[in-house]
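So this block is input.csv, CSV, C-alpha atoms:
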```
chain,number,residue,atom,x,y,z
A,14,MET,CA,88.8,182.3,361.3
A,15,ARG,CA,86.5,183.0,358.5
A,16,ASN,CA,88.2,180.4,356.4
A,17,THR,CA,87.6,177.6,358.9
A,18,LYS,CA,84.0,178.6,359.3
A,19,TYR,CA,83.5,178.6,355.6
A,20,GLU,CA,85.1,175.2,355.3
A,21,ASN,CA,82.9,173.8,358.0
A,22,ILE,CA,79.8,175.0,356.2
A,23,ALA,CA,81.1,173.7,352.9
A,24,LEU,CA,81.8,170.3,354.4
A,25,ARG,CA,78.3,170.1,355.9
A,26,HIS,CA,76.7,170.7,352.5
A,27,LYS,CA,79.0,168.4,350.5
A,28,ALA,CA,77.2,165.7,348.6
A,29,VAL,CA,77.8,162.4,350.4
A,30,GLU,CA,78.8,159.5,348.1
A,31,LYS,CA,77.3,156.3,349.3
A,32,ARG,CA,79.5,153.9,347.5
A,33,GLY,CA,78.5,150.8,349.3
A,34,GLU,CA,74.8,151.5,348.9
A,35,ASN,CA,75.3,152.3,345.2
A,36,ALA,CA,77.1,149.0,344.6
A,37,PHE,CA,74.4,147.1,346.5
A,38,LEU,CA,71.6,148.8,344.6
A,39,ALA,CA,73.4,148.1,341.3
A,40,PHE,CA,73.8,144.5,342.3
A,41,MET,CA,70.1,144.1,343.2
A,42,SER,CA,68.7,145.9,340.2
A,43,GLY,CA,71.1,144.3,337.7
A,44,GLY,CA,70.4,140.9,339.1
A,45,PHE,CA,66.6,141.5,339.0
A,46,MET,CA,66.9,142.5,335.3
A,47,GLY,CA,68.9,139.3,334.6
A,48,MET,CA,66.3,137.3,336.4
A,49,ILE,CA,63.5,138.9,334.3
A,50,ALA,CA,65.4,138.2,331.1
A,51,GLU,CA,65.8,134.5,332.0
A,52,GLY,CA,62.1,134.4,333.0
A,53,ILE,CA,61.0,135.8,329.7
A,54,ILE,CA,63.2,133.3,327.8
A,55,GLU,CA,61.7,130.4,329.8
A,56,PHE,CA,58.2,131.7,329.3
A,57,LEU,CA,58.7,131.9,325.6
A,58,ILE,CA,60.1,128.4,325.4
A,59,PHE,CA,57.3,127.0,327.5
A,60,GLN,CA,54.5,128.9,325.8
A,61,PHE,CA,55.5,129.2,322.1
A,62,HIS,CA,57.9,126.3,321.9
A,63,MET,CA,60.7,128.4,320.5
A,64,SER,CA,64.4,127.4,320.5
A,65,ARG,CA,66.6,129.0,323.1
A,66,VAL,CA,68.4,131.1,320.6
A,67,ASP,CA,65.2,132.6,319.1
A,68,ALA,CA,63.8,133.2,322.6
A,69,ALA,CA,67.0,135.1,323.6
A,70,THR,CA,66.7,137.3,320.4
A,71,PHE,CA,63.0,138.0,321.3
A,72,MET,CA,63.9,138.8,324.9
A,73,ILE,CA,66.5,141.4,323.7
A,74,VAL,CA,63.9,143.1,321.4
A,75,ILE,CA,61.4,143.2,324.3
A,76,PHE,CA,63.9,144.8,326.6
A,77,ILE,CA,64.9,147.4,324.0
A,78,PHE,CA,61.2,148.2,323.3
A,79,PHE,CA,60.4,148.8,326.9
A,80,ALA,CA,63.6,150.8,327.6
A,81,SER,CA,62.9,153.1,324.7
A,82,LEU,CA,59.2,153.5,325.6
A,83,PHE,CA,60.0,154.3,329.2
A,84,THR,CA,62.7,156.8,328.2
A,85,ALA,CA,60.3,158.5,325.8
A,86,LEU,CA,57.6,158.7,328.6
A,87,GLY,CA,60.2,160.4,330.8
A,88,PHE,CA,60.6,158.2,333.9
A,89,PHE,CA,63.5,156.0,332.8
A,90,ASP,CA,65.9,158.8,333.5
A,91,LYS,CA,64.8,159.0,337.1
A,92,LEU,CA,65.3,155.2,337.5
A,93,VAL,CA,68.8,155.5,335.9
A,94,GLN,CA,69.7,158.2,338.4
A,95,LYS,CA,68.7,156.0,341.3
A,96,TYR,CA,70.0,152.6,340.1
A,97,LYS,CA,72.8,153.8,337.8
A,98,CYS,CA,74.8,150.8,336.5
A,99,GLY,CA,72.0,148.4,337.2
A,100,LEU,CA,70.2,149.8,334.3
A,101,LEU,CA,73.1,151.2,332.2
A,102,ILE,CA,75.1,148.0,331.8
A,103,PRO,CA,72.3,145.7,330.5
A,104,ILE,CA,71.1,146.3,326.9
A,105,THR,CA,68.6,148.8,328.2
A,106,GLY,CA,71.4,151.3,328.6
A,107,PHE,CA,72.3,151.0,324.9
A,108,ALA,CA,68.7,151.7,323.9
A,109,HIS,CA,68.4,154.5,326.5
A,110,SER,CA,71.5,156.3,325.2
A,111,MET,CA,70.2,156.1,321.6
A,112,ILE,CA,66.7,157.4,322.2
A,113,SER,CA,67.8,160.1,324.7
A,114,CYS,CA,70.2,161.6,322.1
A,115,CYS,CA,67.5,161.3,319.5
A,116,LEU,CA,64.9,163.1,321.7
A,117,ASP,CA,67.3,165.8,322.7
A,118,TYR,CA,68.1,166.9,319.2
A,119,LYS,CA,64.6,166.4,317.8
A,120,ARG,CA,64.1,170.2,317.3
A,121,GLU,CA,67.1,170.5,315.0
A,122,GLY,CA,65.3,168.6,312.3
A,123,PRO,CA,65.1,165.0,311.0
A,124,ILE,CA,68.5,164.9,309.2
A,125,TYR,CA,71.0,167.0,311.2
A,126,GLY,CA,69.2,166.6,314.5
A,127,MET,CA,67.9,163.1,314.9
A,128,GLY,CA,69.9,161.3,312.2
A,129,SER,CA,73.3,162.5,312.9
A,130,ASN,CA,73.1,162.6,316.7
A,131,MET,CA,71.4,159.2,317.2
A,132,PHE,CA,74.7,157.3,317.5
A,133,LYS,CA,76.4,159.9,319.6
A,134,LEU,CA,76.9,157.6,322.6
A,135,ALA,CA,76.0,154.2,321.2
A,136,GLY,CA,78.6,154.8,318.4
A,137,SER,CA,81.5,154.2,320.8
A,138,VAL,CA,80.0,150.9,321.8
A,139,ILE,CA,79.6,149.7,318.2
A,140,LEU,CA,83.1,151.1,317.2
A,141,TYR,CA,85.1,149.4,319.9
A,142,GLY,CA,82.9,146.3,319.7
A,143,VAL,CA,83.6,145.8,316.0
A,144,VAL,CA,87.3,146.7,316.2
A,145,SER,CA,88.0,144.4,319.1
A,146,ALA,CA,85.8,141.6,317.6
A,147,TRP,CA,87.8,141.9,314.4
A,148,PHE,CA,91.1,142.0,316.2
A,149,PHE,CA,90.4,139.0,318.4
A,150,GLY,CA,88.7,137.2,315.6
A,151,MET,CA,91.8,137.6,313.5
A,152,ILE,CA,94.0,136.2,316.3
A,153,ARG,CA,91.7,133.2,316.6
A,154,PHE,CA,91.7,132.7,312.9
A,155,LEU,CA,95.5,132.9,312.5
A,156,ILE,CA,96.2,130.7,315.5
A,157,GLY,CA,94.1,128.2,313.8
A,158,GLY,CA,91.1,126.0,314.6
A,159,VAL,CA,88.1,128.2,314.0
A,160,GLY,CA,85.1,126.5,315.4
B,14,MET,CA,68.4,127.2,338.8
B,15,TYR,CA,69.0,129.3,335.7
B,16,LEU,CA,67.1,132.1,337.4
B,17,PHE,CA,69.4,132.2,340.4
B,18,TYR,CA,72.5,132.1,338.3
B,19,SER,CA,71.2,134.8,336.1
B,20,PHE,CA,70.5,137.0,339.1
B,21,LEU,CA,74.1,136.4,340.4
B,22,PHE,CA,75.9,136.9,337.1
B,23,CYS,CA,74.0,140.0,335.9
B,24,GLY,CA,74.1,141.6,339.3
B,25,PHE,CA,77.9,140.8,339.6
B,26,ILE,CA,78.7,142.6,336.4
B,27,CYS,CA,76.5,145.6,337.3
B,28,MET,CA,78.1,145.8,340.7
B,29,ILE,CA,81.7,145.7,339.3
B,30,SER,CA,80.9,148.5,336.9
B,31,GLN,CA,79.3,150.5,339.6
B,32,ILE,CA,82.4,150.2,341.8
B,33,ILE,CA,84.6,151.2,338.9
B,34,LEU,CA,82.3,154.2,338.2
B,35,ASP,CA,82.3,155.4,341.8
B,36,ASN,CA,86.1,155.0,342.3
B,37,SER,CA,87.5,156.5,339.1
B,38,LYS,CA,86.8,159.4,336.7
B,39,LEU,CA,85.5,157.1,334.0
B,40,THR,CA,82.0,157.9,332.6
B,41,PRO,CA,79.4,155.2,331.8
B,42,GLY,CA,80.4,155.4,328.2
B,43,HIS,CA,83.9,154.3,329.0
B,44,ILE,CA,82.7,151.4,331.1
B,45,THR,CA,80.2,150.1,328.5
B,46,SER,CA,82.9,150.3,325.8
B,47,MET,CA,85.3,148.4,328.1
B,48,LEU,CA,82.8,145.7,328.8
B,49,VAL,CA,82.1,145.2,325.1
B,50,VAL,CA,85.8,144.6,324.6
B,51,VAL,CA,85.9,142.2,327.6
B,52,GLY,CA,83.0,140.3,326.1
B,53,ALA,CA,84.7,140.0,322.7
B,54,PHE,CA,87.9,138.9,324.4
B,55,LEU,CA,86.2,136.2,326.5
B,56,ASP,CA,84.5,134.8,323.4
B,57,SER,CA,87.6,134.7,321.3
B,58,PHE,CA,88.3,131.3,323.0
B,59,SER,CA,84.7,130.3,323.6
B,60,ILE,CA,84.7,131.1,327.3
B,61,TYR,CA,81.6,133.2,327.0
B,62,ASP,CA,79.7,130.4,325.3
B,63,GLN,CA,80.4,128.2,328.3
B,64,ILE,CA,79.2,131.0,330.6
B,65,ILE,CA,75.9,131.3,328.6
B,66,LYS,CA,75.5,127.5,328.9
B,67,ILE,CA,75.7,127.7,332.6
B,68,VAL,CA,74.0,131.0,333.4
B,69,GLY,CA,71.4,131.2,330.6
B,70,GLY,CA,69.6,134.5,329.9
B,71,GLY,CA,71.4,136.5,332.6
B,72,ALA,CA,74.5,136.4,330.5
B,73,GLN,CA,72.8,137.5,327.3
B,74,LEU,CA,71.4,140.7,328.8
B,75,PRO,CA,74.5,142.7,329.8
B,76,ILE,CA,76.4,144.6,327.2
B,77,THR,CA,79.3,142.1,327.3
B,78,SER,CA,76.9,139.8,325.3
B,79,PHE,CA,77.1,142.4,322.5
B,80,GLY,CA,80.8,141.9,322.0
B,81,HIS,CA,80.3,138.2,322.3
B,82,SER,CA,77.7,138.0,319.5
B,83,LEU,CA,79.8,140.2,317.3
B,84,ILE,CA,82.8,137.9,317.4
B,85,HIS,CA,80.6,134.8,317.5
B,86,GLY,CA,78.9,135.6,314.2
B,87,ALA,CA,82.2,136.5,312.6
B,88,LEU,CA,83.9,133.2,313.6
B,89,ALA,CA,80.8,131.2,312.5
B,90,LYS,CA,80.9,132.8,309.1
B,91,ALA,CA,84.7,132.4,308.9
B,92,GLU,CA,84.3,128.7,309.2
B,93,THR,CA,82.5,128.5,305.9
B,94,SER,CA,83.8,131.5,303.9
B,95,GLY,CA,87.4,131.7,305.2
B,96,PHE,CA,89.1,135.0,305.8
B,97,MET,CA,86.5,137.3,304.4
B,98,GLY,CA,83.9,135.6,306.7
B,99,ILE,CA,85.1,137.7,309.6
B,100,PHE,CA,83.9,140.8,307.8
B,101,MET,CA,80.8,139.2,306.4
B,102,GLY,CA,79.4,137.7,309.6
B,103,MET,CA,80.2,140.5,312.0
B,104,PHE,CA,76.7,141.8,312.4
B,105,ASP,CA,74.8,138.5,311.9
B,106,LEU,CA,73.7,138.1,315.5
B,107,THR,CA,73.7,141.7,316.7
B,108,ALA,CA,71.6,143.0,313.8
B,109,THR,CA,68.4,142.3,315.8
B,110,GLY,CA,69.5,144.5,318.7
B,111,ILE,CA,70.8,147.4,316.6
B,112,SER,CA,67.9,147.5,314.2
B,113,ALA,CA,65.4,147.2,317.0
B,114,ALA,CA,67.1,150.0,318.9
B,115,ILE,CA,67.1,152.2,315.8
B,116,ILE,CA,63.5,151.5,314.7
B,117,PHE,CA,62.0,151.9,318.2
B,118,SER,CA,63.9,155.1,319.0
B,119,PHE,CA,62.9,156.6,315.7
B,120,ILE,CA,59.2,155.8,316.1
B,121,PHE,CA,59.1,156.9,319.8
B,122,THR,CA,61.0,160.1,318.9
B,123,LEU,CA,58.4,161.0,316.3
B,124,ILE,CA,55.5,160.3,318.7
B,125,PHE,CA,56.7,161.8,322.0
B,126,LYS,CA,58.1,165.2,322.9
B,127,PRO,CA,61.3,165.7,324.9
B,128,ARG,CA,60.6,166.1,328.5
B,129,ASN,CA,63.3,168.4,329.8
```
Could the structure of this file be written out as structure tokens, please?
Amino acid sequence: MRNTKYENIALRHKAVEKRGENAFLAFMSGGFMGMIAEGIIEFLIFQFHMSRVDAATFMIVIFIFFASLFTALGFFDKLVQKYKCGLLIPITGFAHSMISCCLDYKREGPIYGMGSNMFKLAGSVILYGVVSAWFFGMIRFLIGGVG
Amino acid sequence: MYLFYSFLFCGFICMISQIILDNSKLTPGHITSMLVVVGAFLDSFSIYDQIIKIVGGGAQLPITSFGHSLIHGALAKAETSGFMGIFMGMFDLTATGISAAIIFSFIFTLIFKPRN
């Protein structure tokens, strides 16, 4: 008897995973980020007469700047908990992982704290990116017709 | 029209990764690494370039674009320098993102204190 009672209570307090809502929130927030990115690019082209490639580079720097500023100010973490992949998959997630590792280990000193822990999470992205780019680049190069 | 396509494409990638995150035991680190590999794979035959042409900025924001610019720079350099170009041009286009992330996170870490 006690067991069923306990199970009922445990079931009541179990965290409910709202998968559909999570996916919808990620779609909306991610799409909104993409729209802002395109808006920034078009604004830069219109206002400063940049080429599209330059404007895209500028846009990425702006996004990284604001992501690291908001993480340092402390409220980006709350946004990430709410919107999850909507903010982690754009380039903001890359900047967020770097600065949050850097801030966490600040008290261990500039070399063994900040320096060696900065790429803790972002390192995997760079490693697999470079290895896969080299691998696929080699295949493309060997098959022939680079360009 | 670019704005609408950007919304759809960027939102679509985020939604897929959220669904993978919810229905498996993978962490966000796994998913970002996977997406970088997917981006590099798509650009090995210039598919991602076509996507950027259609979608615009929305395709350059997600982390798939990181893999795309890695291999794009490598292949562009390989055209002029041959085999060694793959090593030389790897970071040509992504250097902005990586150095901006390093510099800003260093400066902000010096200025601000950790919150929790």
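Each of B:Leu74, B:Ala91, B:Leu39, B:Leu48 was compared to Ile75 of chain A using all atoms listed in the file, and B:Leu74 turns out to be the nearest.
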message: If we draw a sphere of 9 Å around (83.2, 147.9, 336.6), which residues have at least one atom in it when counting only C-alpha atoms? Please report them as a list of chain:residue names.
response: A:Cys98, B:Ile26, B:Cys27, B:Met28, B:Ile29, B:Ser30, B:Gln31, B:Ile32, B:Ile33, B:Leu34, B:Ile44, B:Thr45, B:Met47, B:Leu48
query: Between atom CA of Phe100 of chain B and atom CA of His43 of chain B, what is the distance, to one decimal in Å?
result: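 Computing the Euclidean distance for atom CA of Phe100 of chain B and atom CA of His43 of chain B yields 25.1 Å.
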query: Mind listing as a ChimeraX atom specification which residues of chain A are within 6 Å of chain B, counting all atoms listed in the file?
result: /A:36,39-40,43-45,47-48,50-51,98-99,102-104,108,112,116,138,142,145-146,149
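We find atom CA of Asn130 of chain A and atom CA of Cys114 of chain A to be spaced 6.2 Å apart.
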- request: Go ahead and compute the interatomic distance for atom CA of Ile54 of chain A and atom CA of Gly98 of chain B, in Å to one decimal.
  value: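 For atom CA of Ile54 of chain A relative to atom CA of Gly98 of chain B, the distance reads 29.6 Å.
Residue nearest Glu34 of chain A within the list A:Asn21, A:Lys97, A:Phe78, A:Gly52: A:Lys97 [criterion: smallest interatomic distance, all atoms listed in the file].
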message: Distance cut-off 9 Å, centre (71.1, 162.1, 316.4) in file coordinates, counting all atoms listed in the file: which residues qualify? Return them as a list in words.
response: Met111, Ile112, Cys114, Cys115, Leu116, Asp117, Tyr118, Lys119, Pro123, Ile124, Tyr125, Gly126, Met127, Gly128, Ser129, Asn130, Met131, Phe132 and Lys133 of chain A
message: Residues near Asp90 of chain A, anyone? I mean within 12 Å using all atoms listed in the file, not counting same-chain ones fewer than 4 positions away, as a ChimeraX atom specification.
response: /A:80-86,94-97,100-101,105-106,109-110,112-113 /B:127-129
